[in-house]
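So this one's query-v2.txt, compact mmCIF, C-alpha atoms:
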```txt
# COMPACT_ATOMS: atom_id res chain seq x y z
CA MET X 14 0.00 0.00 0.00
CA LEU X 15 2.67 2.42 1.11
CA ARG X 16 4.83 1.28 -1.74
CA SER X 17 2.17 1.96 -4.35
CA HIS X 18 1.65 5.43 -2.89
CA TYR X 19 5.34 6.03 -3.12
CA LEU X 20 5.23 4.93 -6.75
CA SER X 21 2.33 7.25 -7.55
CA PHE X 22 4.22 10.14 -6.00
CA THR X 23 7.26 9.31 -8.07
CA ILE X 24 5.18 9.21 -11.25
CA LEU X 25 3.53 12.48 -10.28
CA GLY X 26 6.90 14.00 -9.65
CA VAL X 27 8.23 12.91 -13.01
CA LEU X 28 5.13 14.29 -14.71
CA ALA X 29 5.49 17.57 -12.89
CA LEU X 30 9.13 17.79 -13.90
CA ASN X 31 8.25 17.04 -17.50
CA ALA X 32 5.55 19.65 -17.43
CA CYS X 33 8.05 22.17 -16.13
CA GLN X 34 10.52 21.30 -18.80
CA THR X 35 8.13 21.75 -21.67
CA ASN X 36 6.34 24.77 -20.26
CA ASN X 37 9.22 26.54 -18.60
CA ASN X 38 8.73 29.37 -21.04
CA THR X 39 5.28 30.58 -22.02
CA ASN X 40 6.78 32.01 -25.17
CA THR X 41 7.29 28.49 -26.48
CA LEU X 42 4.47 26.63 -28.17
CA PRO X 43 4.22 22.85 -27.78
CA ILE X 44 5.04 20.56 -30.69
CA LEU X 45 1.85 18.62 -31.42
CA GLY X 46 1.19 15.22 -32.93
CA ASN X 47 2.73 11.80 -32.43
CA ARG X 48 6.45 11.57 -31.97
CA HIS X 49 8.84 8.67 -31.76
CA VAL X 50 12.38 8.19 -30.66
CA GLU X 51 14.86 6.89 -33.19
CA GLU X 52 18.30 5.55 -32.57
CA VAL X 53 20.87 7.26 -34.70
CA ILE X 54 24.58 6.66 -34.96
CA VAL X 55 26.62 9.81 -34.67
CA ASP X 56 30.40 9.50 -34.83
CA GLY X 57 30.19 5.79 -34.14
CA LYS X 58 28.11 6.31 -30.99
CA THR X 59 24.48 5.33 -30.75
CA THR X 60 22.28 8.16 -29.51
CA THR X 61 18.55 8.79 -29.58
CA ASP X 62 16.75 11.43 -31.56
CA THR X 63 13.12 12.49 -31.23
CA VAL X 64 11.26 12.51 -34.53
CA TYR X 65 8.27 14.87 -34.54
CA HIS X 66 5.10 14.74 -36.58
CA GLN X 67 5.62 16.74 -39.79
CA ILE X 68 3.44 17.89 -42.66
CA ALA X 69 3.88 15.39 -45.51
CA GLU X 70 4.94 16.38 -49.00
CA PHE X 71 2.23 18.01 -51.07
CA SER X 72 1.67 19.69 -54.41
CA PHE X 73 -1.46 21.77 -55.04
CA THR X 74 -2.47 24.64 -57.33
CA ASN X 75 -3.22 28.14 -56.06
CA GLN X 76 -5.69 30.80 -57.26
CA ASP X 77 -3.16 32.06 -59.80
CA GLY X 78 -2.67 28.59 -61.29
CA GLU X 79 0.78 28.23 -59.73
CA GLU X 80 1.99 25.00 -58.19
CA ILE X 81 2.48 25.27 -54.43
CA THR X 82 4.56 22.64 -52.64
CA ASN X 83 6.46 22.22 -49.38
CA GLU X 84 9.26 24.20 -51.00
CA ASP X 85 7.09 27.32 -50.96
CA VAL X 86 6.48 27.11 -47.20
CA ARG X 87 9.96 25.92 -46.24
CA GLY X 88 11.35 28.12 -43.49
CA LYS X 89 8.03 29.97 -43.19
CA VAL X 90 5.34 30.04 -40.55
CA TYR X 91 1.89 29.34 -41.94
CA VAL X 92 -1.72 28.73 -41.01
CA ALA X 93 -3.68 26.01 -42.84
CA ASP X 94 -7.42 25.48 -43.05
CA PHE X 95 -9.99 23.54 -45.09
CA PHE X 96 -13.13 25.02 -46.66
CA PHE X 97 -15.16 25.19 -49.87
CA THR X 98 -16.53 28.28 -51.57
CA SER X 99 -20.16 27.11 -51.68
CA CYS X 100 -20.07 26.08 -48.01
CA PRO X 101 -23.34 27.20 -46.42
CA THR X 102 -22.32 26.69 -42.79
CA ILE X 103 -19.12 27.67 -41.00
CA CYS X 104 -16.89 28.85 -43.88
CA PRO X 105 -17.99 32.50 -44.05
CA ILE X 106 -17.20 32.84 -40.33
CA MET X 107 -13.86 31.08 -40.80
CA LYS X 108 -12.96 33.41 -43.63
CA LYS X 109 -13.99 36.46 -41.64
CA GLN X 110 -11.70 35.28 -38.84
CA MET X 111 -8.85 34.34 -41.21
CA LEU X 112 -9.05 37.86 -42.64
CA ARG X 113 -8.15 39.15 -39.18
CA VAL X 114 -5.07 36.90 -39.11
CA PHE X 115 -4.19 38.04 -42.65
CA GLU X 116 -4.55 41.71 -41.77
CA ALA X 117 -2.30 41.27 -38.74
CA TYR X 118 0.64 39.60 -40.52
CA LYS X 119 0.25 40.17 -44.27
CA ASP X 120 3.34 42.39 -44.36
CA ASN X 121 5.60 39.74 -42.84
CA PRO X 122 7.40 37.91 -45.69
CA ASP X 123 7.82 34.84 -43.47
CA PHE X 124 4.08 34.39 -43.00
CA MET X 125 1.64 32.48 -45.23
CA ILE X 126 -1.90 31.10 -45.22
CA LEU X 127 -2.91 27.94 -47.08
CA SER X 128 -6.68 27.52 -47.49
CA HIS X 129 -7.44 24.15 -49.09
CA THR X 130 -10.74 23.58 -50.87
CA ILE X 131 -12.27 20.20 -50.17
CA ASP X 132 -14.55 20.57 -53.19
CA PRO X 133 -11.96 20.90 -55.99
CA GLU X 134 -14.37 19.74 -58.66
CA TYR X 135 -16.48 22.88 -58.13
CA ASP X 136 -13.75 25.16 -56.82
CA THR X 137 -11.64 25.63 -59.91
CA VAL X 138 -8.63 27.93 -60.10
CA ALA X 139 -10.79 30.63 -61.74
CA LEU X 140 -13.46 30.38 -59.05
CA LEU X 141 -10.89 30.50 -56.26
CA LYS X 142 -9.38 33.60 -57.88
CA ASP X 143 -12.80 35.28 -57.98
CA TYR X 144 -13.49 34.23 -54.38
CA SER X 145 -10.14 35.55 -53.12
CA LEU X 146 -10.54 38.86 -54.97
CA ARG X 147 -14.00 39.30 -53.50
CA LEU X 148 -12.47 38.70 -50.06
CA GLY X 149 -10.03 41.49 -50.81
CA ILE X 150 -6.98 39.28 -51.34
CA GLU X 151 -5.30 40.90 -54.35
CA ASP X 152 -2.53 38.35 -54.91
CA ALA X 153 -1.20 35.02 -53.67
CA SER X 154 1.95 36.34 -52.02
CA THR X 155 0.60 35.58 -48.53
CA TRP X 156 -2.78 33.85 -48.77
CA ASN X 157 -3.00 30.87 -51.10
CA PHE X 158 -6.32 29.27 -51.99
CA LEU X 159 -5.40 25.75 -53.01
CA THR X 160 -7.12 23.19 -55.16
CA GLY X 161 -5.94 19.79 -56.36
CA GLU X 162 -6.77 16.12 -56.32
CA GLN X 163 -9.56 15.67 -53.79
CA GLU X 164 -8.13 12.45 -52.36
CA LYS X 165 -4.80 14.17 -51.74
CA ILE X 166 -6.49 17.12 -50.03
CA PHE X 167 -8.56 14.84 -47.77
CA GLU X 168 -5.46 12.80 -47.01
CA ILE X 169 -3.22 15.71 -46.05
CA GLY X 170 -6.07 17.18 -44.00
CA GLN X 171 -6.57 14.03 -42.00
CA THR X 172 -3.06 12.63 -41.70
CA SER X 173 -0.82 15.71 -41.76
CA TYR X 174 -2.92 18.54 -40.33
CA LEU X 175 -4.84 16.16 -38.03
CA THR X 176 -8.16 17.74 -38.91
CA THR X 177 -11.44 16.50 -40.39
CA ALA X 178 -12.09 16.85 -44.11
CA MET X 179 -14.27 14.36 -45.96
CA ASP X 180 -17.35 13.75 -48.07
CA ASP X 181 -20.57 13.52 -46.12
CA LYS X 182 -23.82 13.56 -47.99
CA ASN X 183 -25.72 14.20 -44.75
CA GLU X 184 -23.99 17.51 -44.17
CA PRO X 185 -25.32 20.74 -45.68
CA GLY X 186 -23.18 21.31 -48.75
CA GLY X 187 -22.08 17.66 -48.90
CA PHE X 188 -18.86 17.84 -46.90
CA LEU X 189 -17.85 17.40 -43.31
CA HIS X 190 -14.92 19.49 -42.19
CA SER X 191 -13.66 21.05 -39.01
CA GLY X 192 -13.23 24.78 -38.62
CA ALA X 193 -9.67 24.33 -37.40
CA PHE X 194 -6.85 26.77 -38.11
CA VAL X 195 -3.63 24.76 -37.90
CA LEU X 196 -0.43 26.65 -37.07
CA ILE X 197 2.72 25.26 -38.69
CA ASP X 198 6.27 26.28 -37.80
CA ARG X 199 9.31 26.81 -40.02
CA ALA X 200 10.17 23.11 -39.83
CA GLY X 201 6.71 21.89 -40.89
CA ARG X 202 5.58 20.88 -37.42
CA ILE X 203 2.16 21.58 -35.87
CA ARG X 204 2.46 24.13 -33.06
CA GLY X 205 -1.20 24.93 -32.45
CA ILE X 206 -4.76 24.06 -33.46
CA TYR X 207 -7.42 26.77 -33.05
CA ASP X 208 -11.15 26.87 -33.67
CA GLY X 209 -11.44 29.21 -36.64
CA THR X 210 -15.12 29.84 -35.96
CA LYS X 211 -14.43 31.41 -32.55
CA GLU X 212 -13.17 34.95 -32.29
CA THR X 213 -11.54 34.29 -28.90
CA GLN X 214 -9.58 31.29 -30.25
CA VAL X 215 -8.40 33.31 -33.23
CA ASN X 216 -7.26 36.03 -30.82
CA VAL X 217 -5.02 33.39 -29.22
CA LEU X 218 -3.65 32.40 -32.64
CA ILE X 219 -2.89 36.04 -33.46
CA LYS X 220 -1.05 36.30 -30.12
CA ASP X 221 0.80 33.01 -30.66
CA LEU X 222 2.10 33.75 -34.16
CA PRO X 223 4.96 36.08 -33.12
CA LYS X 224 6.33 33.27 -30.93
CA LEU X 225 7.17 31.45 -34.16
CA LEU X 226 7.70 34.44 -36.45
CA ASN X 227 10.26 36.06 -34.14
CA ASN X 228 12.16 32.82 -33.88
CA ASN X 229 14.45 31.47 -36.57
CA GLU X 230 14.89 28.02 -35.03
CA ASN X 231 14.90 25.13 -37.46
CA SER X 232 14.50 27.39 -40.46
CA ASN X 233 17.01 25.32 -42.38
CA LYS X 234 15.70 21.87 -41.55
CA MET B 47 -49.77 46.53 -52.75
CA LYS B 48 -46.11 46.49 -53.65
CA THR B 49 -46.03 50.19 -54.45
CA ALA B 50 -47.84 50.90 -51.20
CA ILE B 51 -45.16 49.04 -49.26
CA SER B 52 -42.40 50.67 -51.24
CA SER B 53 -43.70 54.14 -50.59
CA LEU B 54 -44.23 53.28 -46.94
CA LEU B 55 -40.65 52.04 -46.78
CA PHE B 56 -39.47 55.14 -48.54
CA LEU B 57 -41.20 57.23 -45.91
CA LEU B 58 -39.68 55.06 -43.21
CA ILE B 59 -36.21 55.50 -44.68
CA ILE B 60 -36.72 59.25 -44.77
CA ALA B 61 -38.00 59.12 -41.21
CA CYS B 62 -34.98 57.08 -40.13
CA LYS B 63 -32.48 59.47 -41.60
CA GLY B 64 -32.82 61.66 -38.53
CA GLY B 65 -30.00 60.19 -36.48
CA ASP B 66 -27.26 57.59 -36.82
CA ASP B 67 -27.98 56.39 -33.30
CA ASN B 68 -30.68 54.28 -34.86
CA GLN B 69 -28.05 51.88 -36.17
CA ASN B 70 -27.08 50.68 -32.75
CA LYS B 71 -30.60 50.13 -31.52
CA GLY B 72 -31.48 46.57 -30.68
CA ILE B 73 -34.52 44.57 -29.71
CA SER B 74 -34.97 46.48 -26.45
CA ASN B 75 -35.75 49.60 -28.46
CA ILE B 76 -38.75 48.01 -30.19
CA LYS B 77 -41.81 49.62 -28.66
CA ASP B 78 -44.61 47.37 -29.90
CA LEU B 79 -44.87 44.31 -27.66
CA LYS B 80 -45.82 41.79 -30.33
CA THR B 81 -43.11 43.04 -32.67
CA ARG B 82 -40.61 42.73 -29.86
CA GLN B 83 -41.72 39.18 -29.04
CA TYR B 84 -41.34 38.19 -32.69
CA ALA B 85 -37.92 39.82 -32.82
CA ILE B 86 -36.72 37.99 -29.70
CA GLN B 87 -37.70 34.62 -31.21
CA GLY B 88 -36.34 35.81 -34.54
CA GLN B 89 -32.95 36.62 -33.10
CA GLN B 90 -32.57 33.07 -31.78
CA LEU B 91 -33.54 31.64 -35.16
CA TYR B 92 -31.26 34.12 -36.92
CA LEU B 93 -28.31 32.97 -34.80
CA GLN B 94 -29.20 29.37 -35.54
CA TYR B 95 -29.88 29.54 -39.28
CA CYS B 96 -28.49 32.78 -40.69
CA SER B 97 -25.60 34.30 -38.76
CA ASN B 98 -22.91 31.91 -40.02
CA PHE B 99 -23.60 33.29 -43.46
CA ASP B 100 -24.81 36.86 -42.93
CA GLN B 101 -22.75 37.32 -39.74
CA GLU B 102 -24.12 38.07 -36.32
CA ASP B 103 -24.16 41.83 -36.89
CA GLY B 104 -25.64 41.55 -40.39
CA THR B 105 -22.59 43.01 -42.07
CA GLY B 106 -21.98 40.15 -44.54
CA LEU B 107 -18.46 39.41 -45.79
CA LYS B 108 -16.51 41.79 -48.02
CA ARG B 109 -17.69 41.48 -51.65
CA LEU B 110 -18.73 37.84 -51.14
CA ILE B 111 -21.81 38.15 -48.95
CA PRO B 112 -23.90 41.33 -49.06
CA PRO B 113 -24.84 43.12 -45.85
CA LEU B 114 -28.32 43.02 -44.31
CA LYS B 115 -27.50 46.07 -42.24
CA ASN B 116 -28.24 49.26 -44.21
CA SER B 117 -29.13 47.18 -47.27
CA ASP B 118 -31.15 48.93 -49.96
CA TYR B 119 -31.87 45.53 -51.52
CA MET B 120 -33.57 44.34 -48.35
CA LEU B 121 -35.62 47.49 -47.89
CA ASP B 122 -36.62 47.75 -51.56
CA ASP B 123 -38.81 44.66 -51.52
CA VAL B 124 -39.87 42.96 -48.29
CA ASN B 125 -41.72 40.11 -49.99
CA ARG B 126 -38.63 39.27 -52.02
CA SER B 127 -36.58 39.12 -48.80
CA LEU B 128 -39.13 36.80 -47.18
CA TYR B 129 -38.97 34.50 -50.21
CA ILE B 130 -35.16 34.46 -50.12
CA ILE B 131 -35.01 33.67 -46.37
CA LYS B 132 -36.82 30.42 -47.07
CA ASN B 133 -35.69 29.54 -50.60
CA GLY B 134 -32.16 30.91 -50.74
CA LEU B 135 -30.76 32.83 -53.68
CA LYS B 136 -28.61 32.08 -56.71
CA GLY B 137 -27.00 34.42 -59.20
CA SER B 138 -25.78 37.96 -59.19
CA ILE B 139 -27.45 40.71 -57.13
CA THR B 140 -26.55 44.34 -56.53
CA VAL B 141 -26.72 45.70 -53.01
CA ASN B 142 -25.84 49.34 -52.28
CA ASN B 143 -24.26 49.58 -55.76
CA VAL B 144 -21.95 46.58 -55.19
CA GLU B 145 -22.35 43.36 -57.18
CA TYR B 146 -22.41 40.04 -55.31
CA ASN B 147 -22.58 36.51 -56.67
CA GLN B 148 -22.44 34.00 -53.86
CA PRO B 149 -25.26 31.46 -53.63
CA MET B 150 -27.20 31.76 -50.39
CA PRO B 151 -28.39 28.40 -49.04
CA GLU B 152 -32.09 27.71 -48.64
CA ASN B 153 -33.75 27.17 -45.27
CA SER B 154 -36.56 25.00 -46.52
CA LYS B 155 -37.44 23.68 -43.07
CA LEU B 156 -38.50 27.10 -41.78
CA SER B 157 -42.23 27.49 -41.18
CA PRO B 158 -44.06 30.73 -42.09
CA ILE B 159 -44.06 31.87 -38.48
CA GLU B 160 -40.33 31.24 -38.18
CA VAL B 161 -39.67 33.23 -41.37
CA ALA B 162 -41.90 35.98 -39.94
CA GLN B 163 -39.92 36.03 -36.70
CA ILE B 164 -36.54 36.16 -38.46
CA ALA B 165 -37.80 38.89 -40.78
CA THR B 166 -39.29 40.88 -37.92
CA TYR B 167 -35.89 40.69 -36.22
CA ILE B 168 -33.77 41.84 -39.16
CA TYR B 169 -36.29 44.51 -40.17
CA ASN B 170 -36.34 46.06 -36.69
CA VAL B 171 -32.67 46.15 -35.66
CA TRP B 172 -29.53 47.74 -37.17
CA GLY B 173 -31.45 50.95 -37.73
CA ASN B 174 -34.53 49.40 -39.35
CA GLU B 175 -37.96 50.14 -37.92
CA TYR B 176 -40.28 48.30 -40.24
CA GLY B 177 -42.56 46.86 -37.58
CA LEU B 178 -44.22 43.46 -37.32
CA ILE B 179 -44.07 40.98 -40.20
CA THR B 180 -46.90 38.46 -39.84
CA PRO B 181 -47.01 34.79 -40.89
CA GLU B 182 -49.88 35.77 -43.22
CA LYS B 183 -47.62 38.20 -45.02
CA VAL B 184 -44.95 35.49 -45.24
CA LYS B 185 -47.46 33.00 -46.74
CA GLU B 186 -48.42 35.57 -49.32
CA ALA B 187 -44.78 36.29 -50.14
CA LEU B 188 -43.88 32.59 -50.45
CA SER B 189 -46.77 31.89 -52.83
CA THR B 190 -45.08 33.66 -55.72
CA ALA B 191 -41.43 33.76 -56.70
CA PRO B 192 -40.22 37.36 -56.99
```
Using structure tokens, write down the structure from this file.
Amino acid sequence: MLRSHYLSFTILGVLALNACQTNNNTNTLPILGNRHVEEVIVDGKTTTDTVYHQIAEFSFTNQDGEEITNEDVRGKVYVADFFFTSCPTICPIMKKQMLRVFEAYKDNPDFMILSHTIDPEYDTVALLKDYSLRLGIEDASTWNFLTGEQEKIFEIGQTSYLTTAMDDKNEPGGFLHSGAFVLIDRAGRIRGIYDGTKETQVNVLIKDLPKLLNNNENSNK
Amino acid sequence: MKTAISSLLFLLIIACKGGDDNQNKGISNIKDLKTRQYAIQGQQLYLQYCSNFDQEDGTGLKRLIPPLKNSDYMLDDVNRSLYIIKNGLKGSITVNNVEYNQPMPENSKLSPIEVAQIATYIYNVWGNEYGLITPEKVKEALSTAP
């Protein structure tokens, strides 16, 4: 009995220590997603290295018909979301909120937004261009509206950005998707997930962004 | 009938031009009890069915979604607005001299009284003072496409 208490305290202690280590600085955002430890051999010695969840390789087309890949976001901080232009439910609110993020950081060359359509059949390049212009986004230098192969968009949404994006005939508009804004750092790792339909959550995102933008860590990875 | 409403609205618009304070008036400023009751119900329905699209404050979204607040299109033809609340809208429209072309989804499940409540709400806040919109008026409006 005593022993098991002792054990619980030890575990608690370790947890508390861990918590302190990762949160010792409120200016640091956590690295989200699964991670695993790999053994690597450096200079003949075996050491361990933590491998973090990263956004997989992708290639989509933006509103100007240009190909956008991981190369275009390498070393940059960006926010990703999923929507479709004919979405009758949460998308107008998401876009209104994303506009606030855009307005706050559009002049920072290290900042980007990737909005993926989950209805690429309807949302052609021309339609995305019209949609972005009507939103007041004059060019694709910061905010990219991406279309591509639907399967690939669903896949990167679910497996890389850890969000929901799929067909659902029972949903208004025919698609089920979350309103998440996913914050990605310079090394392609998820550093925050925010509800893009909630003004208060987007306020947190706007406050969190400088923590990554003012930091050049891992920009060359 | 239509011209009567239009001229009435015109008079109302003229009457409203007195002060900009009108724009911030909400449900609590509605004097008529029945109109206020409709507007209270209507606000709940508006938040449930409409505000994702038209936004909570009725301002729309840039050049994608036209505003309801200070909208000439809405004031020009009440019956047309009632029809659109229920049946949605497709194609290009011009509101306050700006062209919009974003399909508005239908709300086919709304009953005439629900449409009347939503309409009473949006026609009596944000500076509008139209007064009560009855389910009978909604039924009449829904019977013919504008």
Can I get the residues of chain B within 12 Å of chain X, each with the closest pair of atoms and their distance in Å to one decimal, using only C-alpha atoms, sorted chain first then ascending number, as CSV?
```
residue,atom,partner,partner_atom,distance
B:Leu93,CA,X:Thr102,CA,11.8
B:Gln94,CA,X:Thr102,CA,10.3
B:Tyr95,CA,X:Thr102,CA,8.8
B:Cys96,CA,X:Thr102,CA,8.9
B:Ser97,CA,X:Ile106,CA,8.7
B:Asn98,CA,X:Ile103,CA,5.8
B:Phe99,CA,X:Pro105,CA,5.7
B:Asp100,CA,X:Pro105,CA,8.2
B:Gln101,CA,X:Ile106,CA,7.2
B:Glu102,CA,X:Ile106,CA,9.6
B:Asp103,CA,X:Ile106,CA,11.9
B:Thr105,CA,X:Lys109,CA,10.8
B:Gly106,CA,X:Pro105,CA,8.6
B:Leu107,CA,X:Lys109,CA,6.8
B:Lys108,CA,X:Leu148,CA,5.5
B:Arg109,CA,X:Arg147,CA,4.7
B:Leu110,CA,X:Arg147,CA,5.5
B:Ile111,CA,X:Pro105,CA,8.4
B:Pro112,CA,X:Arg147,CA,11.0
B:Gly134,CA,X:Pro101,CA,10.5
B:Leu135,CA,X:Pro101,CA,11.8
B:Lys136,CA,X:Ser99,CA,11.0
B:Val144,CA,X:Arg147,CA,10.9
B:Glu145,CA,X:Arg147,CA,10.0
B:Tyr146,CA,X:Arg147,CA,8.6
B:Asn147,CA,X:Arg147,CA,9.6
B:Gln148,CA,X:Ser99,CA,7.6
B:Pro149,CA,X:Ser99,CA,7.0
B:Met150,CA,X:Pro101,CA,7.2
B:Pro151,CA,X:Pro101,CA,5.8
B:Glu152,CA,X:Pro101,CA,9.0
B:Asn153,CA,X:Pro101,CA,10.5
```
Would you mind exporting the chosen residues as a CSV table (one decimal), in the coordinates of the input, restricted to C-alpha atoms?
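Written output follows (part28.csv):
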```
chain,number,residue,atom,x,y,z
B,93,LEU,CA,-28.3,33.0,-34.8
B,94,GLN,CA,-29.2,29.4,-35.5
B,95,TYR,CA,-29.9,29.5,-39.3
B,96,CYS,CA,-28.5,32.8,-40.7
B,97,SER,CA,-25.6,34.3,-38.8
B,98,ASN,CA,-22.9,31.9,-40.0
B,99,PHE,CA,-23.6,33.3,-43.5
B,100,ASP,CA,-24.8,36.9,-42.9
B,101,GLN,CA,-22.8,37.3,-39.7
B,102,GLU,CA,-24.1,38.1,-36.3
B,103,ASP,CA,-24.2,41.8,-36.9
B,105,THR,CA,-22.6,43.0,-42.1
B,106,GLY,CA,-22.0,40.2,-44.5
B,107,LEU,CA,-18.5,39.4,-45.8
B,108,LYS,CA,-16.5,41.8,-48.0
B,109,ARG,CA,-17.7,41.5,-51.6
B,110,LEU,CA,-18.7,37.8,-51.1
B,111,ILE,CA,-21.8,38.2,-49.0
B,112,PRO,CA,-23.9,41.3,-49.1
B,134,GLY,CA,-32.2,30.9,-50.7
B,135,LEU,CA,-30.8,32.8,-53.7
B,136,LYS,CA,-28.6,32.1,-56.7
B,144,VAL,CA,-22.0,46.6,-55.2
B,145,GLU,CA,-22.4,43.4,-57.2
B,146,TYR,CA,-22.4,40.0,-55.3
B,147,ASN,CA,-22.6,36.5,-56.7
B,148,GLN,CA,-22.4,34.0,-53.9
B,149,PRO,CA,-25.3,31.5,-53.6
B,150,MET,CA,-27.2,31.8,-50.4
B,151,PRO,CA,-28.4,28.4,-49.0
B,152,GLU,CA,-32.1,27.7,-48.6
B,153,ASN,CA,-33.8,27.2,-45.3
```
Could you work out how far CA of Ser154 in chain X lies from CA of Asp94 in chain X, giving the answer in Å with one decimal?
->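 Computed distance, CA of Asp94 in chain X to CA of Ser154 in chain X, equals 16.9 Å.
Atom pair CA of Lys183 in chain B / CA of Gly137 in chain B: separated by 25.3 Å.
Shell of range 159-174 of chain X at 8 Å, with all atoms listed in the file counted and residues fewer than 4 places along the chain excluded, is His66, Gln67, Ile68, Ala69, Phe71, Ser72, Phe73, Thr74, Asn75, Gln76, Ala93, Phe95, Leu127, Ser128, His129, Thr130, Ile131, Asp132, Pro133, Glu134, Asp136, Thr137, Val138, Leu141, Ala178, Met179, Val195 and Ile203 of chain X.
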Pick out the closest residue to Lys224 in chain X from this set: X:Thr41, X:Arg113, X:Glu184, X:Lys89. Count all atoms listed in the file.
->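 Ranking X:Thr41, X:Arg113, X:Glu184, X:Lys89 by distance to Lys224 in chain X, first place goes to X:Thr41.
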Residues within 12 Å of Asp221 in chain X, all atoms listed in the file, excluding chain neighbours under 3 positions, as a VMD selection string | chain X and resid 39 to 43 90 to 92 114 117 to 118 195 to 198 204 to 207 214 to 218 224 to 228
Could you give me, as a PDB file with C-alpha atoms, in the coordinates of the input, the residues that have an atom at most 12 Å away from the point (-40.9, 26.2, -40.8) in the coordinates of the file, using only C-alpha atoms?
```
ATOM      1  CA  LEU B  91     -33.540  31.640 -35.160  1.00  0.00           C
ATOM      2  CA  TYR B  95     -29.880  29.540 -39.280  1.00  0.00           C
ATOM      3  CA  ILE B 131     -35.010  33.670 -46.370  1.00  0.00           C
ATOM      4  CA  LYS B 132     -36.820  30.420 -47.070  1.00  0.00           C
ATOM      5  CA  ASN B 133     -35.690  29.540 -50.600  1.00  0.00           C
ATOM      6  CA  GLU B 152     -32.090  27.710 -48.640  1.00  0.00           C
ATOM      7  CA  ASN B 153     -33.750  27.170 -45.270  1.00  0.00           C
ATOM      8  CA  SER B 154     -36.560  25.000 -46.520  1.00  0.00           C
ATOM      9  CA  LYS B 155     -37.440  23.680 -43.070  1.00  0.00           C
ATOM     10  CA  LEU B 156     -38.500  27.100 -41.780  1.00  0.00           C
ATOM     11  CA  SER B 157     -42.230  27.490 -41.180  1.00  0.00           C
ATOM     12  CA  PRO B 158     -44.060  30.730 -42.090  1.00  0.00           C
ATOM     13  CA  ILE B 159     -44.060  31.870 -38.480  1.00  0.00           C
ATOM     14  CA  GLU B 160     -40.330  31.240 -38.180  1.00  0.00           C
ATOM     15  CA  VAL B 161     -39.670  33.230 -41.370  1.00  0.00           C
ATOM     16  CA  ALA B 162     -41.900  35.980 -39.940  1.00  0.00           C
ATOM     17  CA  GLN B 163     -39.920  36.030 -36.700  1.00  0.00           C
ATOM     18  CA  ILE B 164     -36.540  36.160 -38.460  1.00  0.00           C
ATOM     19  CA  PRO B 181     -47.010  34.790 -40.890  1.00  0.00           C
ATOM     20  CA  VAL B 184     -44.950  35.490 -45.240  1.00  0.00           C
ATOM     21  CA  LYS B 185     -47.460  33.000 -46.740  1.00  0.00           C
ATOM     22  CA  LEU B 188     -43.880  32.590 -50.450  1.00  0.00           C
TER      23      LEU B 188
END
```
Do you know which residues are at most 10 Å from Tyr119 in chain B counting all atoms listed in the file, after dropping those on the same chain fewer than 6 positions away, and could you put them as an NGL selection string?
-> :B and (112-113 or 126-127 or 139-143)
Might you pull out every residue within 8 Å of Val64 in chain X, with only C-alpha atoms counted and same-chain residues fewer than 3 positions away left off, and present them as a ChimeraX atom specification?
-> /X:48-51
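The two atoms in question, CA of Asp152 in chain X and CA of Thr82 in chain X, are spaced 17.4 Å apart.
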Which one of B:Leu121, B:Thr180, B:Lys115, B:Asn75 sits closest to Thr166 in chain B if you count only C-alpha atoms?
->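 Closest to Thr166 in chain B, using only C-alpha atoms: B:Thr180.
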